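Note: the block below is work17.csv and it holds CSV, C-alpha atoms.
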```csv
chain,number,residue,atom,x,y,z
A,1,MET,CA,155.5,123.8,97.8
A,2,LYS,CA,153.2,122.8,95.0
A,3,SER,CA,153.2,119.0,95.5
A,4,PHE,CA,153.8,116.5,98.2
A,5,THR,CA,154.2,112.7,98.2
A,6,GLY,CA,154.0,110.9,101.6
A,7,LYS,CA,153.4,107.5,102.9
A,8,ALA,CA,149.7,107.7,103.0
A,9,LEU,CA,148.7,110.3,100.5
A,10,ARG,CA,150.0,112.7,97.9
A,11,TRP,CA,148.8,116.0,96.5
A,12,GLU,CA,149.7,118.3,93.7
A,13,TRP,CA,148.6,121.8,92.7
A,14,ARG,CA,148.1,122.5,89.0
A,15,ASP,CA,146.4,125.4,87.3
A,16,GLY,CA,144.2,126.4,90.3
A,17,VAL,CA,143.2,122.9,91.4
A,18,ILE,CA,144.7,120.8,94.1
A,19,GLU,CA,144.3,117.0,93.7
A,20,LEU,CA,144.8,115.2,97.0
A,21,VAL,CA,145.0,111.4,96.5
A,22,LEU,CA,144.7,109.0,99.5
A,23,ASP,CA,146.9,106.0,98.9
A,24,ARG,CA,147.6,103.8,101.8
A,25,GLU,CA,147.3,100.0,101.9
A,26,PRO,CA,144.9,98.3,102.3
A,27,ALA,CA,141.9,100.7,102.1
A,28,ASN,CA,143.1,104.2,103.2
A,29,GLU,CA,142.6,103.6,106.9
A,30,ILE,CA,143.1,106.9,108.8
A,31,GLY,CA,145.9,106.4,111.4
A,32,THR,CA,148.8,108.5,112.6
A,33,ASP,CA,150.6,108.5,109.2
A,34,MET,CA,147.6,109.6,107.3
A,35,LEU,CA,146.7,112.2,109.9
A,36,ALA,CA,150.2,113.7,110.0
A,37,GLU,CA,150.2,114.1,106.2
A,38,LEU,CA,146.7,115.6,106.3
A,39,GLU,CA,148.0,118.1,108.8
A,40,ARG,CA,151.0,118.8,106.6
A,41,PHE,CA,148.5,119.3,103.7
A,42,VAL,CA,146.3,121.9,105.6
A,43,ALA,CA,149.5,123.6,106.8
A,44,ALA,CA,150.2,124.4,103.2
A,45,PHE,CA,146.8,126.2,102.8
A,46,PRO,CA,148.0,129.7,103.5
A,47,ALA,CA,150.4,129.5,100.5
A,48,LEU,CA,147.9,127.7,98.3
A,49,ILE,CA,144.7,129.6,98.9
A,50,PRO,CA,145.5,132.7,96.9
A,51,GLU,CA,145.8,130.7,93.7
A,52,THR,CA,143.4,127.8,94.3
A,53,ALA,CA,139.8,127.5,93.1
A,54,ALA,CA,139.1,123.9,93.9
A,55,CYS,CA,140.5,120.8,95.7
A,56,ILE,CA,139.7,117.3,94.7
A,57,ILE,CA,140.0,114.5,97.3
A,58,SER,CA,140.1,111.0,95.8
A,59,SER,CA,141.6,107.6,96.4
A,60,ASN,CA,144.0,105.4,94.6
A,61,ARG,CA,143.0,102.3,96.4
A,62,LYS,CA,140.9,99.7,94.5
A,63,HIS,CA,138.5,99.0,97.3
A,64,GLY,CA,137.3,102.5,97.8
A,65,PHE,CA,137.7,106.0,99.2
A,66,SER,CA,138.5,105.0,102.8
A,67,ALA,CA,137.4,102.2,105.1
A,68,GLY,CA,137.7,104.6,108.1
A,69,ALA,CA,139.9,105.0,111.1
A,70,ASP,CA,142.8,102.6,111.5
A,71,LEU,CA,141.3,100.4,114.1
A,72,ARG,CA,144.3,98.0,114.3
A,73,GLU,CA,146.6,100.9,115.0
A,74,LEU,CA,144.2,102.4,117.5
A,75,TYR,CA,143.9,99.1,119.4
A,76,HIS,CA,147.7,98.3,119.4
A,77,ARG,CA,148.6,101.8,120.6
A,78,ALA,CA,145.9,101.9,123.2
A,79,ALA,CA,146.1,98.4,124.6
A,80,PRO,CA,149.4,98.8,126.6
A,81,LEU,CA,148.3,102.1,128.2
A,82,SER,CA,146.6,102.8,131.4
A,83,GLU,CA,143.0,104.1,131.2
A,84,LYS,CA,144.1,107.6,131.9
A,85,GLU,CA,146.9,107.5,129.2
A,86,ARG,CA,144.5,105.8,126.8
A,87,LEU,CA,142.0,108.6,127.2
A,88,ALA,CA,144.6,111.3,126.8
A,89,GLY,CA,146.0,109.7,123.7
A,90,VAL,CA,142.7,109.2,122.0
A,91,ARG,CA,141.6,112.8,122.9
A,92,SER,CA,144.8,114.2,121.4
A,93,PHE,CA,144.3,112.1,118.2
A,94,ILE,CA,140.6,113.1,117.8
A,95,GLU,CA,141.3,116.8,118.4
A,96,ARG,CA,144.1,116.7,115.8
A,97,VAL,CA,141.7,115.1,113.3
A,98,HIS,CA,139.1,117.7,114.0
A,99,ASP,CA,141.6,120.5,113.5
A,100,ALA,CA,142.6,119.1,110.1
A,101,PHE,CA,139.0,118.3,109.0
A,102,ASN,CA,137.8,121.7,110.1
A,103,ALA,CA,140.5,123.4,108.0
A,104,ILE,CA,139.4,121.4,105.0
A,105,ASP,CA,135.7,122.1,105.7
A,106,SER,CA,136.3,125.8,106.0
A,107,ALA,CA,138.8,126.3,103.2
A,108,PRO,CA,137.8,129.1,100.9
A,109,PHE,CA,138.3,127.1,97.8
A,110,THR,CA,135.6,124.5,96.7
A,111,THR,CA,136.3,121.0,97.9
A,112,ILE,CA,135.0,118.0,96.0
A,113,ALA,CA,135.3,114.3,97.1
A,114,ALA,CA,135.5,111.8,94.3
A,115,VAL,CA,134.2,108.6,96.0
A,116,HIS,CA,134.3,105.1,94.8
A,117,GLY,CA,133.9,101.8,96.7
A,118,VAL,CA,133.8,101.9,100.5
A,119,CYS,CA,133.4,105.2,102.2
A,120,PHE,CA,133.0,104.2,105.8
A,121,GLY,CA,133.5,105.7,109.3
A,122,GLY,CA,136.3,108.2,109.3
A,123,GLY,CA,136.6,108.0,105.6
A,124,PHE,CA,133.0,109.0,105.3
A,125,GLU,CA,133.6,111.8,107.7
A,126,LEU,CA,136.5,113.1,105.6
A,127,ALA,CA,134.2,113.1,102.5
A,128,LEU,CA,131.6,115.0,104.5
A,129,THR,CA,134.1,117.9,105.0
A,130,CYS,CA,133.9,118.5,101.3
A,131,ASP,CA,131.4,120.9,99.7
A,132,ILE,CA,130.4,118.4,97.0
A,133,ILE,CA,130.5,114.6,96.9
A,134,VAL,CA,130.7,112.9,93.5
A,135,ALA,CA,130.1,109.2,93.9
A,136,ASP,CA,130.7,106.2,91.6
A,137,LYS,CA,127.5,104.2,91.5
A,138,MET,CA,129.3,101.4,93.3
A,139,ALA,CA,130.2,103.5,96.3
A,140,ARG,CA,128.8,102.7,99.7
A,141,PHE,CA,128.6,104.9,102.8
A,142,ALA,CA,128.3,103.8,106.4
A,143,PHE,CA,128.9,104.7,110.0
A,144,PRO,CA,129.7,101.3,111.6
A,145,GLU,CA,131.1,102.8,114.8
A,146,LEU,CA,128.2,101.6,117.1
A,147,ARG,CA,129.4,98.0,116.7
A,148,LEU,CA,132.5,99.1,118.6
A,149,GLY,CA,130.6,100.8,121.3
A,150,LEU,CA,131.5,104.2,119.9
A,151,ILE,CA,130.0,107.0,117.9
A,152,PRO,CA,131.7,108.5,114.8
A,153,GLY,CA,134.5,110.7,116.3
A,154,PHE,CA,135.8,112.7,113.3
A,155,GLY,CA,132.9,115.1,113.1
A,156,GLY,CA,130.6,112.9,111.0
A,157,ILE,CA,127.3,113.4,112.9
A,158,PRO,CA,127.3,117.2,113.0
A,159,ARG,CA,128.4,117.4,109.4
A,160,LEU,CA,125.7,114.9,108.3
A,161,LYS,CA,123.1,116.7,110.3
A,162,ARG,CA,124.1,119.9,108.6
A,163,ASP,CA,123.2,118.5,105.2
A,164,LEU,CA,120.5,115.9,105.8
A,165,GLY,CA,117.2,115.2,107.6
A,166,ASN,CA,117.5,113.7,111.0
A,167,ALA,CA,115.5,110.5,110.0
A,168,PHE,CA,118.2,109.4,107.6
A,169,VAL,CA,121.0,110.4,110.0
A,170,ARG,CA,119.5,108.3,112.7
A,171,ASP,CA,119.0,105.4,110.3
A,172,LEU,CA,122.7,105.4,109.3
A,173,LEU,CA,124.0,106.0,112.8
A,174,LEU,CA,121.7,103.7,114.8
A,175,THR,CA,121.6,100.7,112.4
A,176,GLY,CA,125.2,101.1,111.2
A,177,ARG,CA,124.0,99.9,107.8
A,178,SER,CA,125.7,100.9,104.6
A,179,VAL,CA,123.8,102.6,101.8
A,180,ASN,CA,124.6,102.6,98.1
A,181,ALA,CA,125.3,105.7,96.1
A,182,THR,CA,121.9,105.8,94.5
A,183,ARG,CA,120.2,106.0,97.9
A,184,ALA,CA,122.9,108.5,99.1
A,185,GLN,CA,122.0,110.7,96.1
A,186,ALA,CA,118.3,110.4,96.7
A,187,VAL,CA,118.6,111.7,100.3
A,188,GLY,CA,121.0,114.6,99.2
A,189,LEU,CA,124.3,113.3,100.5
A,190,VAL,CA,125.8,112.7,97.1
A,191,ALA,CA,125.6,115.7,94.7
A,192,GLN,CA,126.5,113.9,91.5
A,193,LEU,CA,126.3,110.2,90.6
A,194,ALA,CA,128.9,108.9,88.3
A,195,SER,CA,129.0,105.7,86.3
A,196,GLU,CA,131.4,103.0,87.3
A,197,GLY,CA,135.0,104.3,87.3
A,198,GLU,CA,134.0,107.8,86.2
A,199,ALA,CA,133.8,109.7,89.6
A,200,LEU,CA,137.3,111.3,89.3
A,201,ARG,CA,136.7,112.3,85.6
A,202,ASN,CA,133.4,113.9,86.5
A,203,THR,CA,135.0,115.6,89.6
A,204,ARG,CA,137.7,117.1,87.4
A,205,ALA,CA,135.0,118.4,85.0
A,206,THR,CA,133.2,120.0,88.0
A,207,ALA,CA,136.5,121.6,89.2
A,208,ALA,CA,137.1,123.0,85.8
A,209,GLN,CA,133.6,124.7,86.0
A,210,ILE,CA,134.5,126.1,89.4
A,211,LEU,CA,137.6,127.7,88.0
A,212,LYS,CA,135.5,130.1,86.0
A,213,PHE,CA,134.1,131.9,89.0
A,214,ASP,CA,135.4,134.9,90.9
A,215,CYS,CA,137.3,133.7,94.0
A,216,VAL,CA,135.8,136.3,96.4
A,217,THR,CA,132.2,135.4,95.4
A,218,ARG,CA,132.9,131.7,95.5
A,219,ALA,CA,134.4,131.9,99.0
A,220,ALA,CA,131.6,134.1,100.3
A,221,ALA,CA,128.9,131.8,98.9
A,222,LYS,CA,130.5,128.8,100.6
A,223,LYS,CA,130.9,130.5,103.9
A,224,PHE,CA,127.2,131.6,103.7
A,225,ILE,CA,125.8,128.2,102.9
A,226,LYS,CA,128.1,125.9,104.9
A,227,PRO,CA,128.7,127.0,108.5
A,228,ILE,CA,131.0,124.9,110.6
A,229,PRO,CA,129.0,123.3,113.5
A,230,HIS,CA,131.7,124.1,116.1
A,231,GLU,CA,129.5,123.6,119.2
A,232,GLU,CA,128.3,120.2,118.1
A,233,LEU,CA,131.7,119.1,116.9
A,234,ARG,CA,133.1,120.0,120.4
A,235,ARG,CA,130.3,117.9,122.1
A,236,GLU,CA,131.0,115.0,119.7
A,237,ILE,CA,134.6,114.9,120.9
A,238,GLU,CA,133.5,114.9,124.6
A,239,LEU,CA,130.9,112.1,124.0
A,240,PHE,CA,133.4,110.1,122.0
A,241,CYS,CA,136.0,110.3,124.7
A,242,GLU,CA,133.5,109.5,127.4
A,243,LEU,CA,132.4,106.3,125.5
A,244,PHE,CA,136.0,105.4,124.7
A,245,THR,CA,136.9,104.8,128.3
A,246,ARG,CA,134.4,101.9,128.7
A,247,PRO,CA,136.0,98.4,128.8
A,248,ALA,CA,133.5,97.3,126.1
A,249,VAL,CA,135.2,99.5,123.6
A,250,MET,CA,138.6,97.9,124.0
A,251,ALA,CA,137.0,94.5,124.0
A,252,ALA,CA,135.2,95.3,120.7
A,253,LEU,CA,138.5,96.7,119.2
A,254,LYS,CA,140.3,93.5,120.3
A,255,LYS,CA,137.6,91.4,118.7
A,256,PHE,CA,137.9,93.4,115.4
A,257,VAL,CA,141.7,93.2,115.3
A,258,GLU,CA,141.8,89.4,116.1
A,259,SER,CA,138.8,88.6,113.9
A,260,THR,CA,139.2,86.0,111.1
A,261,ASN,CA,135.6,86.7,110.1
A,262,ALA,CA,135.4,87.2,106.3
A,263,MET,CA,133.1,90.2,106.9
A,264,PRO,CA,134.8,92.4,109.5
A,265,TYR,CA,134.0,95.5,107.5
A,266,LEU,CA,130.3,94.7,107.4
A,267,PRO,CA,128.5,96.7,110.1
B,268,MET,CA,107.6,89.6,89.2
B,269,ARG,CA,110.6,87.4,89.2
B,270,THR,CA,110.4,83.9,90.8
B,271,LEU,CA,113.0,82.9,93.4
B,272,GLU,CA,114.6,80.6,90.8
B,273,GLN,CA,115.0,83.5,88.3
B,274,THR,CA,116.4,85.8,91.1
B,275,THR,CA,118.9,83.1,92.1
B,276,GLN,CA,120.0,82.6,88.5
B,277,GLU,CA,120.5,86.4,88.1
B,278,VAL,CA,122.6,86.5,91.4
B,279,LEU,CA,124.7,83.6,90.1
B,280,ASP,CA,125.2,85.4,86.7
B,281,LEU,CA,126.1,88.7,88.4
B,282,ALA,CA,128.6,87.0,90.8
B,283,SER,CA,130.3,85.1,87.9
B,284,GLN,CA,130.6,88.3,85.9
B,285,HIS,CA,131.8,90.5,88.8
B,286,PHE,CA,134.4,88.0,90.0
B,287,ASN,CA,135.3,86.8,86.6
B,288,VAL,CA,134.6,83.1,87.1
B,289,PRO,CA,133.1,80.9,84.3
B,290,ALA,CA,129.4,81.1,83.9
B,291,GLY,CA,127.8,77.9,85.2
B,292,SER,CA,130.6,77.3,87.7
B,293,LEU,CA,128.5,78.6,90.6
B,294,ALA,CA,125.6,76.7,92.1
B,295,PRO,CA,122.8,78.1,94.4
B,296,GLU,CA,124.0,76.1,97.4
B,297,ASP,CA,127.7,77.2,97.1
B,298,ASP,CA,129.3,79.1,99.9
B,299,PHE,CA,130.3,82.3,98.1
B,300,PHE,CA,133.1,83.1,100.6
B,301,LYS,CA,134.8,79.8,100.0
B,302,LYS,CA,133.9,79.4,96.3
B,303,LEU,CA,134.9,82.9,95.3
B,304,GLY,CA,137.6,83.4,98.0
B,305,ILE,CA,136.2,86.9,98.7
B,306,ASP,CA,136.7,89.2,101.7
B,307,SER,CA,134.3,91.7,103.3
B,308,LEU,CA,135.2,94.6,101.0
B,309,GLN,CA,134.5,92.4,97.9
B,310,THR,CA,131.3,91.4,99.6
B,311,LEU,CA,130.3,95.0,99.8
B,312,GLU,CA,131.1,95.4,96.1
B,313,MET,CA,128.8,92.5,95.4
B,314,LEU,CA,126.1,94.0,97.5
B,315,SER,CA,126.3,97.3,95.5
B,316,ARG,CA,126.2,95.3,92.3
B,317,LEU,CA,123.1,93.4,93.4
B,318,GLU,CA,121.3,96.5,94.7
B,319,ASN,CA,122.0,98.4,91.4
B,320,HIS,CA,120.9,95.4,89.3
B,321,PHE,CA,117.6,94.7,91.2
B,322,GLY,CA,116.9,98.3,92.1
B,323,ILE,CA,116.6,97.6,95.8
B,324,GLU,CA,118.2,98.3,99.1
B,325,LEU,CA,119.5,95.3,101.0
B,326,PRO,CA,120.7,96.4,104.4
B,327,ASP,CA,123.9,94.7,105.6
B,328,TYR,CA,122.2,93.2,108.6
B,329,GLU,CA,120.0,91.2,106.2
B,330,VAL,CA,123.0,89.5,104.7
B,331,GLN,CA,125.0,89.0,107.9
B,332,GLY,CA,125.5,85.3,108.3
B,333,VAL,CA,124.4,84.5,104.8
B,334,SER,CA,127.0,82.6,102.8
B,335,ASP,CA,125.1,80.8,100.1
B,336,PHE,CA,123.6,82.2,96.9
B,337,ARG,CA,120.2,80.7,97.4
B,338,THR,CA,119.7,82.4,100.8
B,339,LEU,CA,121.1,85.6,99.4
B,340,ALA,CA,118.6,85.4,96.5
B,341,SER,CA,115.7,84.8,99.0
B,342,ARG,CA,116.7,88.0,100.9
B,343,ILE,CA,116.7,89.9,97.6
B,344,GLN,CA,113.4,88.3,96.6
B,345,SER,CA,111.8,89.6,99.8
B,346,ARG,CA,112.6,93.2,98.8
B,347,LEU,CA,111.6,93.1,95.2
```
Would you mind giving the structure from this file in structure tokens?
Amino acid sequence: MKSFTGKALRWEWRDGVIELVLDREPANEIGTDMLAELERFVAAFPALIPETAACIISSNRKHGFSAGADLRELYHRAAPLSEKERLAGVRSFIERVHDAFNAIDSAPFTTIAAVHGVCFGGGFELALTCDIIVADKMARFAFPELRLGLIPGFGGIPRLKRDLGNAFVRDLLLTGRSVNATRAQAVGLVAQLASEGEALRNTRATAAQILKFDCVTRAAAKKFIKPIPHEELRREIELFCELFTRPAVMAALKKFVESTNAMPYLP
Amino acid sequence: MRTLEQTTQEVLDLASQHFNVPAGSLAPEDDFFKKLGIDSLQTLEMLSRLENHFGIELPDYEVQGVSDFRTLASRIQSRL
């Protein structure tokens, strides 16, 4: 299969480049539909890898790349369950996300995230699986999970630590503040800064450059420079699940879901 | 160095351009959520616009609870 169109995303292979477009109302929240389609995407890798040099992940939603995990779905699915069932459910979901994200992270082709607007929480974690982040100068990055009594659960901290200094990682994680693309580039999170509305164009130009290189060398270079932090990712799942069982988390999720605050996405 | 009045005027001009409302229709004391009818995602867009224009970082926690242009401008002023 060389293309797919689902409920939350679509992708198409063309001339050695896969373009994966996130496209779920309102802001590409990652819930069960998005995850199932990401799993379907990575399941296609064995067939795609031999003829793929690069993969672009972008968003078709106006407000940005992704606002993160679908907290409304998470709350509504978890609320009726017992504590034991809730923990089993969230662990299963998180482990499925890690499997899909690890597959993208370790793909032998070069992955590039074209980011505009909000790139928060789980959406930020998806962007961090990519080898290169190209960001529109209006893009913003944040890990707002602490306000829910949680840590990022989709592999964000180990992947951010892999790339950046701990001081900036702690600032993002422990304050939950969002940073703009200029700052993100200054600290080395964003590889290329694009003018407004030009991230995808610039990303395609980057993919075209990558197409010129030998596939074995390209894959070897990536594997050498970008190890998967498996041990830390495993510990992150355990810590996330441990925190998730606390009543404060369900209370915070309930507050978010029921909020009429005009600023629920602000950390 | 800009004065607070100059900063406030630039904030008003940027908001009117970004949200496509007539120049001069916004006042420093206006509640921008009510006046512009914007949500949190649009607020973040505005935050990026302001940071890029003034060349500053304005952490989200500095603007939590701020809803009028004058106070927003004073937060920006403190980081210029």
* Asked: What residues in chain B have any atom no more than 9 Å from chain A when counting all atoms listed in the file, and can you write them as a PyMOL selection string?
  -> chain B and resi 300+305-312+314-316+318-319+324-328+331
* Would you please work out which residue, of A:Ile225, A:Ile104, A:Val17, A:Ala194, is nearest to Arg162 (chain A) when using all atoms listed in the file? =>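 Of the candidates, the smallest distance to Arg162 (chain A) is held by A:Ile225.
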Quick one: residues within 8 Å of His98 (chain A), all atoms listed in the file counted, chain neighbours fewer than 4 positions away excluded, as a PDB file with C-alpha atoms, in the frame of the given file?
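Full text of part20.pdb as output:
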```
ATOM      1  CA  ILE A  94     140.600 113.100 117.800  1.00  0.00           C
ATOM      2  CA  ASN A 102     137.800 121.700 110.100  1.00  0.00           C
ATOM      3  CA  PHE A 154     135.800 112.700 113.300  1.00  0.00           C
ATOM      4  CA  GLY A 155     132.900 115.100 113.100  1.00  0.00           C
TER       5      GLY A 155
END
```
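You will find CA of Asp99 (chain A) at 24.2 Å from CA of Glu83 (chain A).
Taking only C-alpha atoms, the non-local environment of Asp33 (chain A) within 12 Å (same-chain residues fewer than 3 positions away omitted) comprises Gly6, Lys7, Ala8, Leu9, Leu22, Asp23, Arg24, Glu25, Asn28, Glu29, Ile30, Ala36, Glu37, Leu38, Glu39, Arg40, Ala69, Asp70, Glu73, Phe93 and Val97 of chain A.
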* **One-decimal distance in Å that lies between CA of Phe45 (chain A) and CA of Asp15 (chain A)** => 15.5 Å
* To do: Excluding Asp335 (chain B) and residues on its chain fewer than 3 positions from it, collect all residues at most 7 Å away from it, counting all atoms listed in the file, and give them as a ChimeraX atom specification.
  => /B:295-299,338-339
* So how many Å separate CA of Gly68 (chain A) and CA of Leu160 (chain A), to one decimal? -> 15.8 Å
* Counting all atoms listed in the file, what is within 8 Å of region 280-292 of chain B, bar same-chain residues fewer than 5 positions away, as a PyMOL selection string? -> chain B and resi 303+313+316-317
* To do: For Asp105 (chain A), please output as a ChimeraX atom specification all residues within 12 Å (counting all atoms listed in the file; exclusion window: fewer than 5 positions along the same chain).
  => /A:42,55,97-100,110-113,125-132,155-156,159,219,222-223,225-230
Is there a way to complete region 60-81 of chain A with N, CA and C atoms and then write that out as a PDB file, in the frame of the given file?
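What follows is the written file result-v8.pdb:
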```pdb
ATOM      1  N   ASN A  60     143.362 106.302  95.550  1.00  0.00           N
ATOM      2  CA  ASN A  60     144.000 105.400  94.600  1.00  0.00           C
ATOM      3  C   ASN A  60     143.882 103.965  94.911  1.00  0.00           C
ATOM      4  N   ARG A  61     143.129 103.681  95.973  1.00  0.00           N
ATOM      5  CA  ARG A  61     143.000 102.300  96.400  1.00  0.00           C
ATOM      6  C   ARG A  61     141.766 101.656  95.691  1.00  0.00           C
ATOM      7  N   LYS A  62     141.943 100.427  95.250  1.00  0.00           N
ATOM      8  CA  LYS A  62     140.900  99.700  94.500  1.00  0.00           C
ATOM      9  C   LYS A  62     139.584  99.617  95.245  1.00  0.00           C
ATOM     10  N   HIS A  63     139.699  99.303  96.539  1.00  0.00           N
ATOM     11  CA  HIS A  63     138.500  99.000  97.300  1.00  0.00           C
ATOM     12  C   HIS A  63     137.640 100.213  97.647  1.00  0.00           C
ATOM     13  N   GLY A  64     138.204 101.397  97.539  1.00  0.00           N
ATOM     14  CA  GLY A  64     137.300 102.500  97.800  1.00  0.00           C
ATOM     15  C   GLY A  64     138.052 103.784  98.288  1.00  0.00           C
ATOM     16  N   PHE A  65     137.231 104.708  98.755  1.00  0.00           N
ATOM     17  CA  PHE A  65     137.700 106.000  99.200  1.00  0.00           C
ATOM     18  C   PHE A  65     138.485 105.857 100.504  1.00  0.00           C
ATOM     19  N   SER A  66     137.837 105.262 101.496  1.00  0.00           N
ATOM     20  CA  SER A  66     138.500 105.000 102.800  1.00  0.00           C
ATOM     21  C   SER A  66     137.603 104.079 103.620  1.00  0.00           C
ATOM     22  N   ALA A  67     138.216 103.088 104.260  1.00  0.00           N
ATOM     23  CA  ALA A  67     137.400 102.200 105.100  1.00  0.00           C
ATOM     24  C   ALA A  67     137.287 102.792 106.538  1.00  0.00           C
ATOM     25  N   GLY A  68     137.907 103.962 106.793  1.00  0.00           N
ATOM     26  CA  GLY A  68     137.700 104.600 108.100  1.00  0.00           C
ATOM     27  C   GLY A  68     138.965 104.691 108.920  1.00  0.00           C
ATOM     28  N   ALA A  69     138.770 104.894 110.197  1.00  0.00           N
ATOM     29  CA  ALA A  69     139.900 105.000 111.100  1.00  0.00           C
ATOM     30  C   ALA A  69     140.686 103.676 111.119  1.00  0.00           C
ATOM     31  N   ASP A  70     141.981 103.782 111.391  1.00  0.00           N
ATOM     32  CA  ASP A  70     142.800 102.600 111.500  1.00  0.00           C
ATOM     33  C   ASP A  70     142.606 101.915 112.816  1.00  0.00           C
ATOM     34  N   LEU A  71     141.655 100.997 112.858  1.00  0.00           N
ATOM     35  CA  LEU A  71     141.300 100.400 114.100  1.00  0.00           C
ATOM     36  C   LEU A  71     142.375  99.485 114.683  1.00  0.00           C
ATOM     37  N   ARG A  72     143.157  98.882 113.800  1.00  0.00           N
ATOM     38  CA  ARG A  72     144.300  98.000 114.300  1.00  0.00           C
ATOM     39  C   ARG A  72     145.311  98.871 114.985  1.00  0.00           C
ATOM     40  N   GLU A  73     145.658  99.995 114.366  1.00  0.00           N
ATOM     41  CA  GLU A  73     146.600 100.900 115.000  1.00  0.00           C
ATOM     42  C   GLU A  73     146.072 101.435 116.312  1.00  0.00           C
ATOM     43  N   LEU A  74     144.814 101.828 116.276  1.00  0.00           N
ATOM     44  CA  LEU A  74     144.200 102.400 117.500  1.00  0.00           C
ATOM     45  C   LEU A  74     144.262 101.376 118.624  1.00  0.00           C
ATOM     46  N   TYR A  75     143.929 100.126 118.324  1.00  0.00           N
ATOM     47  CA  TYR A  75     143.900  99.100 119.400  1.00  0.00           C
ATOM     48  C   TYR A  75     145.370  98.858 119.871  1.00  0.00           C
ATOM     49  N   HIS A  76     146.295  98.661 118.957  1.00  0.00           N
ATOM     50  CA  HIS A  76     147.700  98.300 119.400  1.00  0.00           C
ATOM     51  C   HIS A  76     148.338  99.464 120.127  1.00  0.00           C
ATOM     52  N   ARG A  77     147.983 100.700 119.806  1.00  0.00           N
ATOM     53  CA  ARG A  77     148.600 101.800 120.600  1.00  0.00           C
ATOM     54  C   ARG A  77     147.906 101.971 121.932  1.00  0.00           C
ATOM     55  N   ALA A  78     146.598 101.696 121.981  1.00  0.00           N
ATOM     56  CA  ALA A  78     145.900 101.900 123.200  1.00  0.00           C
ATOM     57  C   ALA A  78     146.028 100.790 124.241  1.00  0.00           C
ATOM     58  N   ALA A  79     146.149  99.573 123.726  1.00  0.00           N
ATOM     59  CA  ALA A  79     146.100  98.400 124.600  1.00  0.00           C
ATOM     60  C   ALA A  79     147.136  98.439 125.759  1.00  0.00           C
ATOM     61  N   PRO A  80     148.407  98.812 125.505  1.00  0.00           N
ATOM     62  CA  PRO A  80     149.400  98.800 126.600  1.00  0.00           C
ATOM     63  C   PRO A  80     149.243  99.914 127.611  1.00  0.00           C
ATOM     64  N   LEU A  81     148.405 100.892 127.320  1.00  0.00           N
ATOM     65  CA  LEU A  81     148.300 102.100 128.200  1.00  0.00           C
ATOM     66  C   LEU A  81     147.367 101.939 129.321  1.00  0.00           C
TER      67      LEU A  81
END
```
